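For reference, structure_1.txt is printed below; it contains compact mmCIF, C-alpha atoms.
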# COMPACT_ATOMS: atom_id res chain seq x y z
CA MET A 175 136.93 46.86 86.50
CA PRO A 176 133.15 46.27 86.62
CA ARG A 177 131.86 42.99 85.25
CA VAL A 178 129.40 44.19 82.58
CA ARG A 179 127.86 42.33 79.66
CA ALA A 180 127.49 44.44 76.58
CA ASP A 181 123.67 44.31 76.66
CA GLY A 182 123.18 44.12 80.43
CA ALA A 183 120.95 41.09 79.83
CA GLY A 184 119.68 39.00 82.72
CA PRO A 185 117.97 35.62 83.04
CA GLY A 186 114.94 34.64 81.02
CA GLY A 187 111.60 35.01 82.79
CA ASP A 188 107.88 34.30 82.57
CA PRO A 189 106.25 36.22 79.68
CA LEU A 190 103.63 37.74 82.01
CA LEU A 191 105.13 37.81 85.51
CA GLY A 192 108.78 38.15 84.54
CA HIS A 193 110.93 37.10 87.51
CA LEU A 194 108.30 37.79 90.18
CA ARG A 195 108.02 34.20 91.38
CA PRO A 196 111.72 33.40 91.92
CA PHE A 197 112.25 36.87 93.39
CA VAL A 198 109.45 36.56 95.95
CA ALA A 199 110.43 32.97 96.77
CA ASP A 200 114.04 33.89 97.64
CA ARG A 201 114.80 37.60 97.35
CA LEU A 202 118.36 37.48 98.70
CA GLY A 203 119.27 34.36 96.74
CA PHE A 204 117.79 35.74 93.53
CA LEU A 205 119.81 38.98 93.71
CA THR A 206 123.00 37.07 94.60
CA ARG A 207 122.63 34.67 91.67
CA LEU A 208 121.82 37.54 89.33
CA SER A 209 125.14 39.23 90.11
CA ARG A 210 127.16 36.03 90.07
CA GLU A 211 125.78 34.81 86.75
CA HIS A 212 125.20 38.07 84.85
CA GLY A 213 127.73 40.57 86.19
CA ASP A 214 127.59 44.03 87.73
CA VAL A 215 124.83 45.28 85.41
CA ALA A 216 121.94 42.88 84.88
CA SER A 217 118.27 43.34 84.03
CA PHE A 218 115.20 41.50 85.30
CA ARG A 219 111.44 42.06 85.27
CA ILE A 220 108.81 42.19 87.99
CA GLY A 221 105.56 41.98 86.06
CA PRO A 222 105.71 44.66 83.35
CA TYR A 223 108.43 46.68 85.10
CA ARG A 224 112.07 46.36 84.00
CA ASN A 225 114.73 46.56 86.71
CA TRP A 226 118.49 46.91 86.52
CA GLN A 227 120.69 45.56 89.29
CA LEU A 228 123.99 47.44 89.74
CA THR A 229 126.54 45.83 92.04
CA HIS A 230 129.83 47.64 91.43
CA PRO A 231 130.72 50.31 94.06
CA ASP A 232 131.42 52.86 91.30
CA HIS A 233 127.92 52.38 89.94
CA VAL A 234 126.45 52.77 93.44
CA ARG A 235 128.17 56.15 93.79
CA GLU A 236 127.09 57.22 90.30
CA VAL A 237 123.42 56.63 91.11
CA LEU A 238 123.34 57.95 94.67
CA VAL A 239 125.86 60.81 94.42
CA THR A 240 127.04 61.81 90.93
CA HIS A 241 123.67 61.54 89.17
CA ALA A 242 121.36 61.92 92.17
CA ALA A 243 119.30 64.53 90.28
CA LYS A 244 118.44 61.88 87.67
CA VAL A 245 116.70 59.54 90.12
CA ARG A 246 113.83 59.47 92.56
CA LYS A 247 112.67 56.98 95.15
CA GLY A 248 111.68 53.58 93.81
CA PRO A 249 108.07 52.37 93.63
CA ILE A 250 108.26 50.42 96.92
CA LEU A 251 108.93 53.57 98.93
CA GLN A 252 106.57 55.58 96.75
CA ARG A 253 103.82 53.15 97.73
CA ALA A 254 104.93 53.38 101.36
CA ARG A 255 103.21 56.78 101.43
CA ILE A 256 100.12 54.80 102.39
CA VAL A 257 101.77 54.36 105.81
CA LEU A 258 104.45 57.05 106.03
CA GLY A 259 102.71 59.90 104.22
CA ASP A 260 105.21 62.52 103.07
CA GLY A 261 107.84 61.77 105.69
CA LEU A 262 111.52 62.13 104.94
CA LEU A 263 111.77 58.64 103.41
CA THR A 264 109.09 59.27 100.81
CA SER A 265 109.12 63.03 100.07
CA GLU A 266 110.90 64.40 97.01
CA GLY A 267 112.39 67.60 95.58
CA ASP A 268 112.07 70.95 97.31
CA ARG A 269 109.88 69.54 100.07
CA HIS A 270 112.48 66.92 100.95
CA ARG A 271 115.29 69.49 101.01
CA ARG A 272 113.32 71.89 103.20
CA ASP A 273 112.16 69.19 105.63
CA ARG A 274 115.62 67.66 105.89
CA ARG A 275 117.12 71.04 106.72
CA VAL A 276 114.70 71.48 109.64
CA LEU A 277 114.97 67.87 110.81
CA GLN A 278 118.76 68.07 110.78
CA GLN A 279 118.60 70.16 113.97
CA ALA A 280 117.45 67.13 115.94
CA PHE A 281 120.40 65.04 114.70
CA HIS A 282 123.21 67.49 115.37
CA PRO A 283 126.15 65.57 116.94
CA ARG A 284 125.84 67.48 120.22
CA ARG A 285 122.16 66.66 120.50
CA VAL A 286 122.74 63.01 119.61
CA ALA A 287 125.45 62.84 122.30
CA SER A 288 122.91 64.17 124.80
CA TYR A 289 120.72 61.15 123.99
CA ALA A 290 123.48 58.72 125.04
CA ALA A 291 122.36 58.34 128.66
CA THR A 292 118.82 57.47 127.53
CA MET A 293 120.13 54.92 125.02
CA VAL A 294 122.21 53.20 127.70
CA GLU A 295 119.43 53.35 130.27
CA HIS A 296 116.94 51.50 128.09
CA ALA A 297 119.47 48.94 126.86
CA ASP A 298 120.51 48.20 130.44
CA ALA A 299 116.92 47.94 131.67
CA ALA A 300 115.89 45.56 128.88
CA THR A 301 118.87 43.21 129.19
CA GLY A 302 118.85 43.39 132.99
CA ARG A 303 115.62 41.41 133.02
CA TRP A 304 117.15 38.37 131.32
CA GLU A 305 117.54 35.19 133.34
CA PRO A 306 120.97 33.51 133.32
CA GLY A 307 121.17 30.52 131.01
CA VAL A 308 117.61 30.89 129.76
CA ALA A 309 116.97 31.17 126.02
CA VAL A 310 115.81 34.64 125.08
CA ASP A 311 114.51 36.13 121.85
CA VAL A 312 117.16 38.82 121.60
CA HIS A 313 115.41 40.53 118.70
CA ALA A 314 112.12 41.01 120.56
CA GLU A 315 113.95 42.37 123.61
CA LEU A 316 116.07 44.81 121.63
CA VAL A 317 113.09 46.04 119.60
CA ARG A 318 111.48 47.04 122.89
CA ALA A 319 114.65 48.76 124.11
CA THR A 320 115.25 50.75 120.92
CA LEU A 321 111.57 51.65 120.67
CA ALA A 322 111.66 53.08 124.20
CA THR A 323 114.78 55.06 123.24
CA ALA A 324 113.21 56.36 120.03
CA GLY A 325 110.07 57.39 121.88
CA ALA A 326 112.03 59.31 124.50
CA THR A 327 114.62 60.96 122.26
CA LEU A 328 112.63 61.59 119.10
CA LEU A 329 109.15 62.19 120.49
CA GLY A 330 109.96 63.17 124.06
CA ALA A 331 107.37 60.62 125.14
CA ASN A 332 107.29 57.54 127.32
CA VAL A 333 106.01 54.81 125.00
CA ALA A 334 106.52 52.01 127.51
CA ASP A 335 102.76 51.47 127.74
CA ASP A 336 102.47 51.50 123.94
CA VAL A 337 105.25 49.07 123.05
CA ASP A 338 102.81 46.23 122.37
CA LEU A 339 100.67 48.56 120.26
CA VAL A 340 103.62 49.60 118.08
CA GLU A 341 104.83 46.01 117.72
CA ARG A 342 101.38 44.85 116.61
CA ALA A 343 101.12 47.76 114.21
CA LEU A 344 104.53 46.96 112.72
CA ALA A 345 103.55 43.29 112.34
CA ASP A 346 100.37 44.36 110.53
CA LEU A 347 102.31 46.64 108.18
CA LEU A 348 104.93 43.99 107.41
CA SER A 349 102.24 41.41 106.70
CA ALA A 350 101.07 43.63 103.84
CA TYR A 351 104.58 44.16 102.46
CA LYS A 352 104.27 41.66 99.61
CA LEU A 353 101.52 43.80 98.09
CA ALA A 354 104.30 46.18 97.06
CA PHE A 355 105.75 43.60 94.65
CA ILE A 356 102.47 42.71 92.95
CA PRO A 357 101.77 44.94 89.95
CA PHE A 358 98.97 47.28 91.07
CA GLY A 359 98.93 45.42 94.41
CA TRP A 360 98.62 48.58 96.52
CA ARG A 361 95.35 49.38 94.76
CA LEU A 362 93.92 46.48 96.79
CA GLN A 363 94.46 48.35 100.07
CA TRP A 364 90.75 49.04 100.59
CA LEU A 365 89.67 45.41 100.49
CA PRO A 366 88.03 44.44 103.82
CA ILE A 367 90.02 41.21 104.26
CA GLY A 368 93.55 39.86 104.74
CA PRO A 369 96.69 42.01 104.37
CA PRO A 370 94.82 45.15 103.22
CA ARG A 371 92.70 45.12 106.38
CA ARG A 372 95.79 44.60 108.56
CA LEU A 373 97.55 47.43 106.72
CA ARG A 374 94.76 49.87 107.59
CA ARG A 375 94.62 48.64 111.19
CA GLY A 376 98.37 49.09 111.72
CA ARG A 377 98.39 52.52 110.10
CA SER A 378 95.47 53.71 112.22
CA ALA A 379 97.09 52.52 115.46
CA LEU A 380 100.36 54.33 114.72
CA HIS A 381 98.62 57.52 113.66
CA ASP A 382 96.48 57.58 116.82
CA LEU A 383 99.55 57.20 119.04
CA VAL A 384 101.52 59.95 117.33
CA ASP A 385 98.53 62.30 117.08
CA ARG A 386 98.06 62.10 120.86
CA THR A 387 101.72 62.98 121.41
CA ILE A 388 101.59 65.90 118.99
CA ALA A 389 98.46 67.29 120.63
CA GLU A 390 100.11 67.16 124.04
CA ARG A 391 103.22 68.91 122.74
CA ARG A 392 101.23 71.62 120.96
CA ALA A 393 99.36 72.31 124.18
CA SER A 394 102.49 72.58 126.35
CA GLY A 395 104.77 74.44 123.91
CA GLU A 396 107.70 72.94 125.83
CA ASP A 397 111.13 72.34 124.30
CA ARG A 398 112.30 69.00 125.67
CA GLY A 399 115.37 68.78 123.46
CA ASP A 400 113.84 66.08 121.24
CA LEU A 401 112.85 65.83 117.59
CA LEU A 402 109.25 66.83 118.14
CA SER A 403 110.35 70.01 119.91
CA ALA A 404 112.63 70.90 116.99
CA LEU A 405 109.72 70.47 114.57
CA THR A 406 107.00 72.25 116.52
CA LEU A 407 109.26 75.20 117.39
CA ALA A 408 111.03 75.50 114.02
CA ASP A 409 112.02 79.08 113.09
CA ASP A 410 110.44 78.85 109.63
CA GLY A 411 106.95 78.32 110.98
CA GLY A 412 107.16 74.63 111.70
CA PHE A 413 104.87 71.96 110.24
CA THR A 414 101.18 71.23 110.07
CA ASP A 415 99.91 68.47 112.34
CA ALA A 416 99.65 66.13 109.34
CA ALA A 417 103.28 66.81 108.33
CA LEU A 418 104.41 66.38 111.94
CA ARG A 419 102.67 63.02 112.07
CA ASP A 420 104.29 61.86 108.82
CA HIS A 421 107.78 62.71 110.05
CA ALA A 422 107.18 61.32 113.54
CA VAL A 423 105.81 58.00 112.26
CA THR A 424 108.69 57.66 109.79
CA LEU A 425 111.39 58.34 112.36
CA LEU A 426 109.73 56.30 115.10
CA LEU A 427 109.68 53.24 112.84
CA ALA A 428 113.06 53.81 111.17
CA GLY A 429 114.68 54.99 114.41
CA HIS A 430 114.17 51.77 116.30
CA GLU A 431 113.62 48.89 113.85
CA THR A 432 116.88 49.11 111.91
CA THR A 433 119.04 49.61 115.02
CA ALA A 434 117.33 46.73 116.82
CA ASN A 435 117.96 44.47 113.83
CA ALA A 436 121.65 45.40 113.60
CA LEU A 437 122.16 44.90 117.36
CA THR A 438 120.43 41.53 117.15
CA PHE A 439 122.72 40.35 114.38
CA ALA A 440 125.74 41.63 116.35
CA CYS A 441 124.68 39.42 119.28
CA HIS A 442 124.30 36.50 116.86
CA LEU A 443 127.87 37.10 115.65
CA LEU A 444 129.13 37.12 119.25
CA ALA A 445 127.45 33.75 119.81
CA THR A 446 128.94 32.17 116.68
CA ALA A 447 132.44 33.71 116.45
CA PRO A 448 134.46 32.94 119.63
CA GLU A 449 137.48 35.05 118.62
CA VAL A 450 135.24 38.08 118.02
CA ASP A 451 133.46 37.49 121.32
CA ALA A 452 136.76 37.39 123.22
CA ALA A 453 138.12 40.54 121.57
CA VAL A 454 134.97 42.59 122.22
CA HIS A 455 134.65 41.45 125.84
CA THR A 456 138.29 42.27 126.53
CA GLU A 457 137.82 45.80 125.17
CA VAL A 458 134.66 46.43 127.18
CA ASP A 459 136.29 45.16 130.40
CA GLN A 460 139.33 47.37 129.89
CA VAL A 461 137.43 50.54 128.97
CA LEU A 462 134.43 50.34 131.29
CA ALA A 463 135.83 48.37 134.23
CA GLY A 464 132.30 47.34 135.21
CA ARG A 465 130.51 50.70 134.84
CA LEU A 466 127.96 51.69 132.22
CA PRO A 467 129.23 53.43 129.07
CA THR A 468 128.77 57.12 128.30
CA ALA A 469 129.09 59.27 125.19
CA ASP A 470 132.71 59.97 126.17
CA ASP A 471 133.52 56.26 125.67
CA LEU A 472 132.52 56.13 121.99
CA ASP A 473 136.04 56.69 120.65
CA GLN A 474 137.46 54.18 123.15
CA LEU A 475 135.38 51.27 121.84
CA PRO A 476 136.71 50.58 118.32
CA ARG A 477 136.02 46.85 118.50
CA CYS A 478 132.39 47.42 119.49
CA ARG A 479 132.09 49.82 116.57
CA ALA A 480 133.76 47.26 114.26
CA LEU A 481 131.34 44.55 115.38
CA PHE A 482 128.36 46.84 114.73
CA ALA A 483 129.85 47.59 111.29
CA GLU A 484 130.20 43.88 110.53
CA ALA A 485 126.58 43.33 111.54
CA LEU A 486 125.57 46.12 109.14
CA ARG A 487 127.76 44.61 106.42
CA LEU A 488 126.65 40.99 106.73
CA TYR A 489 123.02 41.71 107.58
CA PRO A 490 122.26 45.21 106.23
CA PRO A 491 118.88 46.44 107.53
CA SER A 492 118.35 48.07 104.13
CA TRP A 493 119.14 45.01 102.03
CA ALA A 494 118.45 46.65 98.64
CA MET A 495 117.73 50.21 97.53
CA GLY A 496 115.55 51.10 94.57
CA ARG A 497 115.73 54.27 92.50
CA GLN A 498 113.58 55.15 89.48
CA LEU A 499 115.33 57.01 86.67
CA ARG A 500 114.04 60.45 85.70
CA ALA A 501 116.45 60.50 82.71
CA ASP A 502 118.52 58.00 80.75
CA LEU A 503 121.62 56.77 82.58
CA GLN A 504 124.77 55.47 80.88
CA VAL A 505 126.45 52.66 82.84
CA GLY A 506 129.53 51.47 80.98
CA ASP A 507 128.33 50.32 77.57
CA VAL A 508 124.73 49.93 78.76
CA ARG A 509 122.22 52.77 78.46
CA ILE A 510 119.38 52.43 80.97
CA PRO A 511 116.25 54.30 79.82
CA ALA A 512 114.28 56.80 81.89
CA GLY A 513 111.44 55.20 83.82
CA ASP A 514 113.28 51.95 84.55
CA LEU A 515 114.13 50.98 88.11
CA VAL A 516 117.73 50.69 89.34
CA VAL A 517 118.32 48.28 92.23
CA LEU A 518 121.41 48.70 94.44
CA PRO A 519 121.58 45.61 96.68
CA GLN A 520 123.61 46.08 99.87
CA TRP A 521 123.19 42.35 100.51
CA VAL A 522 125.22 41.56 97.36
CA VAL A 523 127.77 44.40 97.41
CA HIS A 524 128.57 43.94 101.11
CA ARG A 525 129.43 40.28 100.49
CA ASP A 526 131.44 40.69 97.29
CA PRO A 527 134.86 39.00 97.71
CA ARG A 528 136.47 41.63 95.48
CA TRP A 529 136.09 44.14 98.32
CA TRP A 530 135.63 41.81 101.29
CA PRO A 531 138.06 38.85 101.50
CA GLU A 532 136.34 35.86 103.16
CA PRO A 533 133.08 37.80 102.95
CA GLU A 534 130.99 35.39 105.04
CA ARG A 535 133.35 35.64 107.99
CA CYS A 536 133.02 38.27 110.72
CA GLN A 537 136.37 40.07 110.96
CA LEU A 538 136.83 43.10 113.20
CA GLU A 539 140.17 43.86 111.51
CA ARG A 540 138.33 45.05 108.39
CA TRP A 541 137.53 48.25 110.30
CA THR A 542 140.60 48.70 112.46
CA ASP A 543 143.47 48.51 109.95
CA ALA A 544 144.46 50.12 106.64
CA THR A 545 142.18 47.92 104.52
CA ASP A 546 139.21 50.04 105.55
CA ARG A 547 140.70 53.01 103.69
CA GLU A 548 141.57 50.97 100.59
CA ARG A 549 138.05 49.82 99.71
CA PRO A 550 135.94 51.73 97.17
CA ARG A 551 133.58 54.12 98.90
CA GLY A 552 130.52 52.50 97.40
CA ALA A 553 131.39 49.06 98.77
CA PHE A 554 129.66 49.80 102.10
CA PHE A 555 126.46 51.83 102.15
CA PRO A 556 124.09 50.57 104.87
CA PHE A 557 122.69 54.10 105.26
CA GLY A 558 122.73 55.02 101.57
CA ALA A 559 124.82 57.92 100.26
CA GLY A 560 124.54 61.40 98.80
CA VAL A 561 121.77 63.92 99.38
CA ARG A 562 119.37 61.25 100.65
CA GLN A 563 121.79 59.52 103.00
CA CYS A 564 119.97 58.46 106.18
CA ILE A 565 119.60 61.49 108.43
CA GLY A 566 119.76 59.27 111.51
CA GLU A 567 123.09 57.57 110.71
CA GLY A 568 124.93 59.27 113.59
CA PHE A 569 122.08 58.39 115.93
CA ALA A 570 122.25 54.72 114.86
CA TRP A 571 126.04 54.47 115.30
CA THR A 572 125.87 56.07 118.75
CA GLU A 573 123.07 53.84 119.99
CA GLY A 574 124.56 50.76 118.33
CA VAL A 575 127.99 51.08 119.94
CA LEU A 576 126.77 52.15 123.39
CA ALA A 577 123.97 49.58 123.56
CA LEU A 578 126.37 46.85 122.42
CA ALA A 579 128.88 47.78 125.12
CA THR A 580 126.06 47.81 127.68
CA ILE A 581 124.98 44.31 126.69
CA VAL A 582 128.50 42.86 126.50
CA ARG A 583 129.35 44.30 129.92
CA ARG A 584 126.89 41.83 131.47
CA TRP A 585 126.28 38.94 129.06
CA ARG A 586 127.81 36.35 126.78
CA PHE A 587 125.75 34.41 124.26
CA ALA A 588 125.51 30.83 123.06
CA PRO A 589 123.37 29.41 120.24
CA VAL A 590 120.16 27.57 121.10
CA PRO A 591 120.10 24.08 119.52
CA GLY A 592 117.34 23.79 116.94
CA ARG A 593 116.91 27.58 116.72
CA GLN A 594 119.04 28.51 113.73
CA LEU A 595 118.94 32.09 112.49
CA GLN A 596 116.59 32.60 109.52
CA LEU A 597 116.33 35.84 107.58
CA ASP A 598 113.22 37.71 106.51
CA PRO A 599 113.93 40.42 103.90
CA LEU A 600 110.87 42.64 104.22
CA LEU A 601 111.00 46.44 104.41
CA THR A 602 114.10 45.77 106.49
CA LEU A 603 116.20 42.65 106.89
CA ARG A 604 115.08 41.08 110.16
CA PRO A 605 115.31 37.64 111.78
CA ARG A 606 112.35 35.42 110.98
CA ASN A 607 110.69 34.06 114.14
CA GLY A 608 113.18 35.91 116.33
CA CYS A 609 116.81 35.37 117.20
CA TRP A 610 117.03 32.94 120.11
CA LEU A 611 120.21 32.79 122.16
CA HIS A 612 121.24 31.56 125.61
CA ALA A 613 122.21 34.57 127.74
CA LEU A 614 125.16 33.62 129.97
CA PRO A 615 126.08 36.00 132.82
CA ARG A 616 129.62 37.38 133.09
CA ARG A 617 129.33 38.87 136.58
CA SER A 618 127.36 38.10 139.70
Could you write out this file's structure as structure tokens?
Amino acid sequence: MPRVRADGAGPGGDPLLGHLRPFVADRLGFLTRLSREHGDVASFRIGPYRNWQLTHPDHVREVLVTHAAKVRKGPILQRARIVLGDGLLTSEGDRHRRDRRVLQQAFHPRRVASYAATMVEHADAATGRWEPGVAVDVHAELVRATLATAGATLLGANVADDVDLVERALADLLSAYKLAFIPFGWRLQWLPIGPPRRLRRGRSALHDLVDRTIAERRASGEDRGDLLSALTLADDGGFTDAALRDHAVTLLLAGHETTANALTFACHLLATAPEVDAAVHTEVDQVLAGRLPTADDLDQLPRCRALFAEALRLYPPSWAMGRQLRADLQVGDVRIPAGDLVVLPQWVVHRDPRWWPEPERCQLERWTDATDRERPRGAFFPFGAGVRQCIGEGFAWTEGVLALATIVRRWRFAPVPGRQLQLDPLLTLRPRNGCWLHALPRRS
């Protein structure tokens, strides 16, 4: 049964700012304490805006699936239009349904399987440059690998020369992220200093890169089997250049950042859980016997898939989802009024001991035995659920498992003394100041 107080009350806050200060100071800790101390339905304020945190799997499904028509994207993603325009993450209603239907062509399982060789190629190239025994920022290396994959498979472009540009642009955009939590903060975007200036600089750099690629594709009219081809050659007339850019920027960012983060945390788990490391290496040795993986190996690597799942559970790239209510929503005995924001925190639900015994521990068995089928469906939702479930979920699982097998085939990891993992919950959950590990070779 959900743990619900009759009034859904939460902690007391500042009369003006509400809970803005403790939330910004420790977002993950604040949401965890809110659930622990106030139950599965608890309210809090960010400035004048009232929010309701829901942490029971049944409530997650009610918001994302059963009553999906009653909600729209939360204000953070609404404000992200400044960067993403009307891409799939930010669009609503009929436009979202139409665009998703066209975009779905690029993520058909057969087409995703055809991307496998490219995914493996870039993962192998990136990790093949590591020096044995030398500390490496695994996150920075994997961001470059997944960005190269996203550029090739989604845009049909070689972005190797633009990796630094995209990384700088992403850093600029993330530096402005806190503006999203300040009431009316995004109205400051035109100021000529600080985060607003960096926001405009990052947006301009990304738009210039994608606009060049679109112009080249329009001129050639060539179908390269990638996302951009599917959009420019769509049967229903395709998209304007502005719409193409919005979708391409959205998928370029989402298509590499979240996968890179999950792979990084999987490598961290290998370095800190010896029994998991041994099990995954044994599987890779038995299945691959020294060769690189292919799409045909996906079903033969259940432990690699389980490790990727545990990385998504313990360190979900989307650490909390926000939805704004279009109509009143009844949750148990609590009626949440239209206009309020509902927060569904993967960080909290994925670590709830009711659904995950020993939640802080990485256990591959959670995904390889009957317990996986016994958990409530809403207990694990790294890619969301319902009509707005991430369109690239299959892409992420394919790249995650194959890239992980590619890495494990060659390397083991050990922690670097004095370089403990720190988390940075921004637009995605990423390691702060990188994830530094010693890369230890397994073969000559």
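The nearest approach to Arg465 in chain A among the residues A:Arg497, A:Arg285, A:Arg477, A:Arg584, with all atoms listed in the file taken into account, belongs to A:Arg584.
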Checklist entry - Of the candidates A:Ala199, A:Leu194, A:Ala544, A:Leu576, which one gets nearest to Pro599 in chain A if we count only C-alpha atoms? => result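 Comparing A:Ala199, A:Leu194, A:Ala544, A:Leu576 against Pro599 in chain A, the winner is A:Ala199.
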Next on the checklist: Measuring between all atoms listed in the file, which one of A:Ser378, A:Gln227, A:Thr545, A:Thr327 shows the shortest distance to Ala287 in chain A?
Outcome noted: A:Thr327
Next on the checklist: Quick check, in Å to one decimal: how far apart do CA of Ala322 in chain A and CA of Thr414 in chain A lie?
Outcome noted: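 Between CA of Ala322 in chain A and CA of Thr414 in chain A the gap works out to 25.3 Å.
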Item to check | Ref. answer, residues at most 12 Å from (109.7, 33.5, 113.2) with only C-alpha atoms, as a list of chain:residue names | outcome: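 In the file's frame, the residues around the point are A:Asp311, A:His313, A:Ala314, A:Ala345, A:Arg593, A:Gln594, A:Leu595, A:Gln596, A:Leu597, A:Asp598, A:Arg604, A:Pro605, A:Arg606, A:Asn607, A:Gly608, A:Cys609, A:Trp610.
In this model, the gap between CA of Ala452 in chain A and CA of Ala553 in chain A comes to 27.6 Å.
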Test item: residues at most 12 Å from Arg201 in chain A, all atoms listed in the file, excluding those fewer than 3 positions along its chain, as a JSON list (two decimals) with C-alpha atoms, in the frame of the given file:
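The resulting file, selection.json, is shown below:
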[["chain", "number", "residue", "atom", "x", "y", "z"],
["A", 193, "HIS", "CA", 110.93, 37.10, 87.51],
["A", 194, "LEU", "CA", 108.30, 37.79, 90.18],
["A", 195, "ARG", "CA", 108.02, 34.20, 91.38],
["A", 196, "PRO", "CA", 111.72, 33.40, 91.92],
["A", 197, "PHE", "CA", 112.25, 36.87, 93.39],
["A", 198, "VAL", "CA", 109.45, 36.56, 95.95],
["A", 204, "PHE", "CA", 117.79, 35.74, 93.53],
["A", 205, "LEU", "CA", 119.81, 38.98, 93.71],
["A", 206, "THR", "CA", 123.00, 37.07, 94.60],
["A", 207, "ARG", "CA", 122.63, 34.67, 91.67],
["A", 208, "LEU", "CA", 121.82, 37.54, 89.33],
["A", 352, "LYS", "CA", 104.27, 41.66, 99.61],
["A", 355, "PHE", "CA", 105.75, 43.60, 94.65],
["A", 493, "TRP", "CA", 119.14, 45.01, 102.03],
["A", 494, "ALA", "CA", 118.45, 46.65, 98.64],
["A", 519, "PRO", "CA", 121.58, 45.61, 96.68],
["A", 521, "TRP", "CA", 123.19, 42.35, 100.51],
["A", 522, "VAL", "CA", 125.22, 41.56, 97.36],
["A", 597, "LEU", "CA", 116.33, 35.84, 107.58],
["A", 598, "ASP", "CA", 113.22, 37.71, 106.51],
["A", 599, "PRO", "CA", 113.93, 40.42, 103.90],
["A", 600, "LEU", "CA", 110.87, 42.64, 104.22],
["A", 601, "LEU", "CA", 111.00, 46.44, 104.41],
["A", 603, "LEU", "CA", 116.20, 42.65, 106.89]]
